[in-house]
$ cat entry.cif   # mmCIF, C-alpha atoms
data_coords
#
loop_
_atom_site.label_atom_id
_atom_site.label_comp_id
_atom_site.auth_asym_id
_atom_site.auth_seq_id
_atom_site.Cartn_x
_atom_site.Cartn_y
_atom_site.Cartn_z
CA MET D 1 158.48 38.39 60.40
CA SER D 2 156.55 41.06 62.28
CA ARG D 3 154.70 42.16 59.17
CA THR D 4 151.28 40.68 58.52
CA THR D 5 149.37 40.69 55.28
CA LEU D 6 146.37 42.25 56.97
CA SER D 7 147.24 45.82 56.02
CA ALA D 8 146.74 44.79 52.40
CA PRO D 9 143.42 44.08 50.67
CA VAL D 10 142.35 40.59 51.59
CA PRO D 11 139.70 38.32 50.14
CA ASP D 12 136.48 37.48 51.95
CA TRP D 13 137.78 34.68 54.15
CA THR D 14 136.32 31.28 53.27
CA ASP D 15 136.59 30.14 56.89
CA PRO D 16 137.76 33.07 59.03
CA ASP D 17 138.71 31.09 62.17
CA CYS D 18 140.98 28.64 60.34
CA PRO D 19 144.60 29.58 59.60
CA VAL D 20 144.82 26.87 56.91
CA ALA D 21 141.85 28.39 55.08
CA ARG D 22 143.18 31.95 55.40
CA ALA D 23 146.57 30.84 54.06
CA LEU D 24 144.82 29.16 51.12
CA ASP D 25 142.72 32.28 50.47
CA LEU D 26 145.96 34.25 50.22
CA VAL D 27 148.28 31.89 48.32
CA GLY D 28 146.32 28.69 47.63
CA ASP D 29 146.56 28.46 43.91
CA ARG D 30 149.03 26.66 41.72
CA TRP D 31 150.40 29.73 39.92
CA SER D 32 150.91 31.81 43.06
CA LEU D 33 152.89 29.02 44.71
CA LEU D 34 154.93 28.40 41.54
CA ILE D 35 155.78 32.11 41.45
CA VAL D 36 156.85 31.91 45.11
CA ARG D 37 158.95 28.83 44.30
CA ASP D 38 160.72 30.67 41.47
CA ALA D 39 161.22 33.81 43.57
CA MET D 40 162.89 31.58 46.17
CA ASP D 41 165.21 30.41 43.38
CA GLY D 42 166.15 34.05 42.68
CA VAL D 43 163.82 34.88 39.80
CA ARG D 44 163.03 38.63 39.75
CA SER D 45 161.67 39.71 36.36
CA PHE D 46 158.27 39.27 34.70
CA THR D 47 159.96 37.73 31.66
CA GLU D 48 161.84 35.15 33.71
CA PHE D 49 158.76 34.20 35.77
CA GLN D 50 156.91 33.72 32.50
CA ARG D 51 159.69 31.66 30.96
CA ARG D 52 160.04 29.39 33.98
CA THR D 53 156.34 28.74 34.66
CA GLY D 54 154.90 28.96 31.14
CA ILE D 55 152.06 30.95 32.68
CA ALA D 56 149.91 33.21 30.47
CA ARG D 57 150.86 36.90 30.68
CA ASN D 58 147.49 38.08 31.99
CA ILE D 59 147.45 35.45 34.75
CA LEU D 60 151.05 36.25 35.69
CA THR D 61 150.20 39.96 35.88
CA ASP D 62 147.21 39.18 38.13
CA ARG D 63 149.18 36.91 40.47
CA LEU D 64 152.15 39.29 40.77
CA CYS D 65 149.72 42.11 41.64
CA LYS D 66 147.92 40.01 44.25
CA LEU D 67 151.13 38.70 45.83
CA THR D 68 152.44 42.27 46.01
CA ALA D 69 149.17 43.67 47.42
CA ARG D 70 149.07 40.88 50.02
CA GLY D 71 152.59 41.61 51.21
CA LEU D 72 154.43 38.53 49.88
CA LEU D 73 156.33 40.33 47.12
CA VAL D 74 157.74 43.82 46.90
CA ARG D 75 158.01 45.54 43.53
CA ARG D 76 160.80 47.96 42.77
CA PRO D 77 162.68 49.29 39.73
CA ALA D 78 165.41 46.94 38.52
CA PRO D 79 168.99 48.24 38.86
CA SER D 80 168.93 49.05 35.15
CA GLY D 81 165.99 51.32 35.93
CA ARG D 82 164.00 50.29 32.88
CA ARG D 83 161.97 47.41 34.30
CA GLN D 84 160.22 46.39 37.50
CA GLU D 85 161.48 43.50 39.54
CA TYR D 86 159.83 41.47 42.26
CA GLU D 87 161.43 40.19 45.43
CA LEU D 88 160.02 38.12 48.27
CA THR D 89 159.30 39.94 51.53
CA ASP D 90 159.91 38.19 54.85
CA VAL D 91 156.26 37.09 54.72
CA GLY D 92 156.86 35.49 51.33
CA ARG D 93 160.18 33.96 52.37
CA ASP D 94 158.42 32.43 55.35
CA LEU D 95 156.56 30.12 52.93
CA PHE D 96 159.82 28.12 52.75
CA THR D 97 158.43 25.31 54.90
CA VAL D 98 155.24 25.12 52.80
CA ILE D 99 157.18 24.92 49.52
CA LEU D 100 159.64 22.40 50.99
CA SER D 101 156.80 20.23 52.31
CA LEU D 102 155.11 20.27 48.90
CA ARG D 103 158.45 19.32 47.33
CA GLN D 104 159.00 16.40 49.67
CA TRP D 105 155.43 15.12 49.24
CA GLY D 106 155.89 15.38 45.46
CA GLU D 107 159.18 13.46 45.65
CA ARG D 108 157.47 10.67 47.59
CA HIS D 109 154.24 10.38 45.60
CA ALA D 110 154.44 12.03 42.18
CA PHE D 111 157.46 10.22 40.72
CA ALA D 112 157.95 6.63 39.71
CA PRO D 113 160.74 4.80 41.56
CA GLY D 114 164.07 5.90 40.09
CA GLU D 115 162.53 8.68 38.02
CA ALA D 116 164.84 11.73 38.08
CA HIS D 117 163.83 15.02 39.69
CA SER D 118 165.47 18.20 40.97
CA ALA D 119 166.56 18.15 44.61
CA LEU D 120 166.84 20.74 47.37
CA VAL D 121 170.31 20.74 48.93
CA ASP D 122 171.97 22.62 51.80
CA GLN D 123 175.19 24.68 51.73
CA HIS D 124 177.25 21.49 51.55
CA GLY D 125 175.28 20.07 48.63
CA THR D 126 173.60 17.51 50.90
CA ALA D 127 169.93 16.68 50.29
CA VAL D 128 167.57 18.31 52.79
CA PRO D 129 166.19 15.66 55.18
CA LYS D 130 162.47 14.94 55.44
CA VAL D 131 160.65 17.57 57.48
CA THR D 132 158.97 15.86 60.44
CA PRO D 133 156.57 17.76 62.70
CA THR D 134 157.11 16.98 66.37
CA ASN D 135 155.46 17.86 69.65
CA ALA D 136 157.15 19.78 72.48
CA ASP D 137 158.86 16.54 73.60
CA GLY D 138 160.29 15.89 70.14
CA LEU D 139 157.92 13.02 69.32
CA PRO D 140 156.74 12.82 65.69
CA LEU D 141 153.20 14.01 65.04
CA ASP D 142 150.73 13.06 62.33
CA VAL D 143 147.00 13.15 61.55
CA ASP D 144 146.24 10.61 64.28
CA THR D 145 148.11 12.31 67.09
CA THR D 146 146.82 15.85 66.55
CA ARG D 147 143.43 17.54 66.53
CA VAL D 148 142.07 20.98 65.83
CA ARG D 149 140.93 22.92 68.88
CA LYS D 150 138.18 25.30 67.76
CA ILE D 151 137.70 28.77 69.16
CA SER D 152 135.46 28.34 72.18
CA MET S 153 153.51 5.17 51.85
CA SER S 154 154.63 2.85 49.07
CA ARG S 155 151.74 3.85 46.85
CA THR S 156 152.34 6.59 44.31
CA THR S 157 149.75 8.61 42.47
CA LEU S 158 151.28 7.67 39.15
CA SER S 159 149.01 4.74 38.48
CA ALA S 160 146.13 7.20 38.33
CA PRO S 161 145.39 9.67 35.53
CA VAL S 162 147.68 12.64 35.98
CA PRO S 163 147.66 16.08 34.42
CA ASP S 164 150.20 17.21 31.86
CA TRP S 165 152.96 18.22 34.22
CA THR S 166 153.65 21.95 34.24
CA ASP S 167 157.32 21.36 35.05
CA PRO S 168 158.03 17.62 35.00
CA ASP S 169 161.42 17.70 36.76
CA CYS S 170 160.21 19.68 39.77
CA PRO S 171 158.52 17.90 42.69
CA VAL S 172 156.98 21.19 43.88
CA ALA S 173 155.31 21.70 40.51
CA ARG S 174 154.09 18.09 40.31
CA ALA S 175 152.62 18.35 43.81
CA LEU S 176 150.85 21.57 42.81
CA ASP S 177 149.54 19.96 39.61
CA LEU S 178 148.00 17.23 41.78
CA VAL S 179 146.68 19.16 44.79
CA GLY S 180 147.56 22.83 44.25
CA ASP S 181 144.17 24.44 44.45
CA ARG S 182 142.35 25.94 47.37
CA TRP S 183 139.37 23.59 47.35
CA SER S 184 141.41 20.40 47.08
CA LEU S 185 143.54 21.39 50.05
CA LEU S 186 140.48 22.46 52.08
CA ILE S 187 138.92 19.05 51.38
CA VAL S 188 142.14 17.37 52.53
CA ARG S 189 142.11 19.56 55.66
CA ASP S 190 138.54 18.50 56.47
CA ALA S 191 139.26 14.84 55.74
CA MET S 192 142.13 15.09 58.24
CA ASP S 193 139.55 16.36 60.75
CA GLY S 194 137.45 13.24 60.14
CA VAL S 195 134.93 14.50 57.59
CA ARG S 196 133.71 11.64 55.37
CA SER S 197 130.48 12.57 53.59
CA PHE S 198 129.74 14.80 50.61
CA THR S 199 127.19 16.73 52.67
CA GLU S 200 129.63 17.42 55.48
CA PHE S 201 132.43 18.49 53.10
CA GLN S 202 129.95 20.87 51.50
CA ARG S 203 128.77 22.24 54.82
CA ARG S 204 132.27 22.83 56.14
CA THR S 205 133.80 24.40 53.04
CA GLY S 206 130.79 26.16 51.52
CA ILE S 207 132.00 24.86 48.17
CA ALA S 208 129.57 24.60 45.23
CA ARG S 209 128.28 21.06 44.63
CA ASN S 210 129.67 20.73 41.11
CA ILE S 211 133.14 21.86 42.21
CA LEU S 212 133.06 19.54 45.21
CA THR S 213 132.07 16.62 42.96
CA ASP S 214 134.96 17.45 40.61
CA ARG S 215 137.55 17.73 43.38
CA LEU S 216 136.42 14.54 45.16
CA CYS S 217 136.67 12.68 41.82
CA LYS S 218 140.13 14.05 41.11
CA LEU S 219 141.46 13.40 44.61
CA THR S 220 140.11 9.84 44.40
CA ALA S 221 141.50 9.24 40.88
CA ARG S 222 144.89 10.58 41.98
CA GLY S 223 145.08 8.26 44.95
CA LEU S 224 144.62 10.72 47.82
CA LEU S 225 141.11 9.64 48.77
CA VAL S 226 139.39 6.28 48.67
CA ARG S 227 135.64 6.08 48.12
CA ARG S 228 133.57 3.36 49.69
CA PRO S 229 129.97 2.77 50.78
CA ALA S 230 129.18 4.26 54.18
CA PRO S 231 128.38 1.76 56.95
CA SER S 232 124.70 2.59 56.45
CA GLY S 233 125.15 1.40 52.87
CA ARG S 234 123.09 4.20 51.38
CA ARG S 235 125.79 6.77 50.72
CA GLN S 236 129.41 6.97 49.62
CA GLU S 237 132.06 8.16 51.99
CA TYR S 238 135.58 9.37 51.37
CA GLU S 239 138.65 8.62 53.44
CA LEU S 240 142.25 9.74 53.07
CA THR S 241 144.73 7.17 51.79
CA ASP S 242 148.28 7.09 53.14
CA VAL S 243 149.22 9.37 50.22
CA GLY S 244 146.57 11.87 51.31
CA ARG S 245 147.45 11.58 54.99
CA ASP S 246 151.06 12.30 54.07
CA LEU S 247 150.01 15.88 53.22
CA PHE S 248 149.96 16.47 57.00
CA THR S 249 153.18 18.50 56.92
CA VAL S 250 151.91 20.61 54.02
CA ILE S 251 148.62 21.41 55.77
CA LEU S 252 150.40 22.08 59.08
CA SER S 253 152.91 24.40 57.38
CA LEU S 254 150.09 26.32 55.71
CA ARG S 255 148.35 26.56 59.11
CA GLN S 256 151.44 27.90 60.85
CA TRP S 257 152.17 30.42 58.08
CA GLY S 258 148.53 31.55 58.28
CA GLU S 259 148.78 31.93 62.07
CA ARG S 260 151.86 34.12 61.69
CA HIS S 261 150.74 36.31 58.78
CA ALA S 262 146.99 36.21 58.19
CA PHE S 263 145.72 37.23 61.65
CA ALA S 264 145.98 40.49 63.50
CA PRO S 265 147.83 40.32 66.85
CA GLY S 266 145.46 38.80 69.41
CA GLU S 267 142.86 37.80 66.82
CA ALA S 268 141.41 34.40 67.72
CA HIS S 269 141.91 31.32 65.53
CA SER S 270 141.64 27.56 65.79
CA ALA S 271 144.79 25.75 66.93
CA LEU S 272 146.35 22.36 66.23
CA VAL S 273 147.14 20.50 69.45
CA ASP S 274 148.79 17.19 70.31
CA GLN S 275 147.40 14.33 72.43
CA HIS S 276 147.98 16.35 75.60
CA GLY S 277 146.19 19.43 74.27
CA THR S 278 149.47 21.29 73.82
CA ALA S 279 149.89 23.52 70.78
CA VAL S 280 152.04 21.98 68.04
CA PRO S 281 155.43 23.77 67.90
CA LYS S 282 156.60 25.58 64.79
CA VAL S 283 157.89 23.21 62.12
CA THR S 284 161.52 24.08 61.36
CA PRO S 285 163.35 22.40 58.48
CA THR S 286 166.90 21.41 59.40
CA ASN S 287 169.90 19.94 57.62
CA ALA S 288 171.49 16.60 58.50
CA ASP S 289 173.35 18.27 61.38
CA GLY S 290 170.15 19.69 62.86
CA LEU S 291 170.87 23.29 61.80
CA PRO S 292 167.82 25.33 60.69
CA LEU S 293 167.45 25.84 56.95
CA ASP S 294 165.77 28.61 54.98
CA VAL S 295 165.71 30.15 51.52
CA ASP S 296 169.26 31.50 51.90
CA THR S 297 170.88 28.26 53.02
CA THR S 298 169.38 25.95 50.41
CA ARG S 299 169.37 25.73 46.65
CA VAL S 300 167.76 23.59 43.99
CA ARG S 301 170.07 21.14 42.25
CA LYS S 302 168.71 20.55 38.76
CA ILE S 303 168.85 17.23 36.98
CA SER S 304 172.20 17.19 35.19
#
$ encode --input "entry.cif" --output "structure tokens"
Amino acid sequence: MSRTTLSAPVPDWTDPDCPVARALDLVGDRWSLLIVRDAMDGVRSFTEFQRRTGIARNILTDRLCKLTARGLLVRRPAPSGRRQEYELTDVGRDLFTVILSLRQWGERHAFAPGEAHSALVDQHGTAVPKVTPTNADGLPLDVDTTRVRKIS
Amino acid sequence: MSRTTLSAPVPDWTDPDCPVARALDLVGDRWSLLIVRDAMDGVRSFTEFQRRTGIARNILTDRLCKLTARGLLVRRPAPSGRRQEYELTDVGRDLFTVILSLRQWGERHAFAPGEAHSALVDQHGTAVPKVTPTNADGLPLDVDTTRVRKIS
């Protein structure tokens, strides 16, 4: 986790002081996050990313290049030696909480009651509990109990 | 939290079984998530959203319409009665964990060591601790210790 994306080319930051905005500048588009989701599921090849997402080839090429340049993916020859494959770096793997939070929000608000969807399970096959942010005392936090402290 | 976005017009789902993909279809673009971020900070008016994000007016209009139609924002006349204002619904407020996770990933990977950034603090002014997903036994989870169970 010591590696930052700053050694790589970065966009002009939309809002340089805000970590949310910088994160969105780096990975805040639907295709990039779907590629990260699939890489977390073990997808490695261009063909498989394309099959799983249905993304156009030129957009997939662009997003794989950007995610690699920004330090979220590493590209290397596949064991067969004939193709390239892509694997998440520690920086990319660290998006786990973001992807999980999107999943849990989607489960709560983008499905009708009883409508079937895939589930994230732990090593024992048990559904992953709801992620709940807490303060240092373990009390749940939300929009009302937090505020942004600007750089003074 | 009982309200779902499904009563509103929804896009053709990219990957209907996957809650991550449905969430991204609904809110997975940089501007939508920046608008949600600002609404969490208390921004209500078109002018203030525009000032804070630097977003073009036509894109801001589009995103406010979509977020309202999809049940994340509610539009109502401002107390002055002359303008509209936008407020997060419970569905929109429930993106708190997503926005916080993006913030914390950005803090870890999009800033140089020592580079200043805004911080999220609790009621006592204390920085919000890192959000760590855990299983039912309280053990930390990550990409390696979870897997997606497809609909059978």
$ residues_around --input "entry.cif" --residues "Ala119 (chain D)" --least-positions-apart "4" --cutoff "7 Å" --atoms "only C-alpha atoms" --output "JSON list (two decimals) with C-alpha atoms, in the frame of the given file"
[["chain", "number", "residue", "atom", "x", "y", "z"],
["D", 127, "ALA", "CA", 169.93, 16.68, 50.29],
["S", 300, "VAL", "CA", 167.76, 23.59, 43.99],
["S", 301, "ARG", "CA", 170.07, 21.14, 42.25],
["S", 302, "LYS", "CA", 168.71, 20.55, 38.76]]
$ resolve_selection --input "entry.cif" --expression "the PyMOL selection byres ((chain S) within 6 of (chain D))" --output "NGL selection string"
:S and (156-157 or 169-172 or 175-176 or 180-182 or 250 or 253-255 or 258-259 or 261-262 or 269-275 or 280 or 283 or 285 or 287 or 297-303)
$ atom_distance --input "entry.cif" --atom1 "CA of Gln202 (chain S)" --atom2 "CA of Thr241 (chain S)"
20.2 Å
$ closest_residue --input "entry.cif" --among "D:Val43, D:Glu87, D:Ile59, D:Leu139" --to "Arg75 (chain D)" --atoms "all atoms listed in the file"
D:Glu87
$ atom_distance --input "entry.cif" --atom1 "CA of Leu225 (chain S)" --atom2 "CA of Arg63 (chain D)"
29.6 Å
$ atom_distance --input "entry.cif" --atom1 "CA of Ser45 (chain D)" --atom2 "CA of Pro77 (chain D)"
10.2 Å
$ axis_aligned_box --input "entry.cif" --around "region 114-123 of chain D" --padding-each-side "6 Å" --output "lines of an AutoDock Vina configuration file"
center_x = 168.9
center_y = 15.3
center_z = 44.9
size_x = 24.7
size_y = 30.8
size_z = 25.8
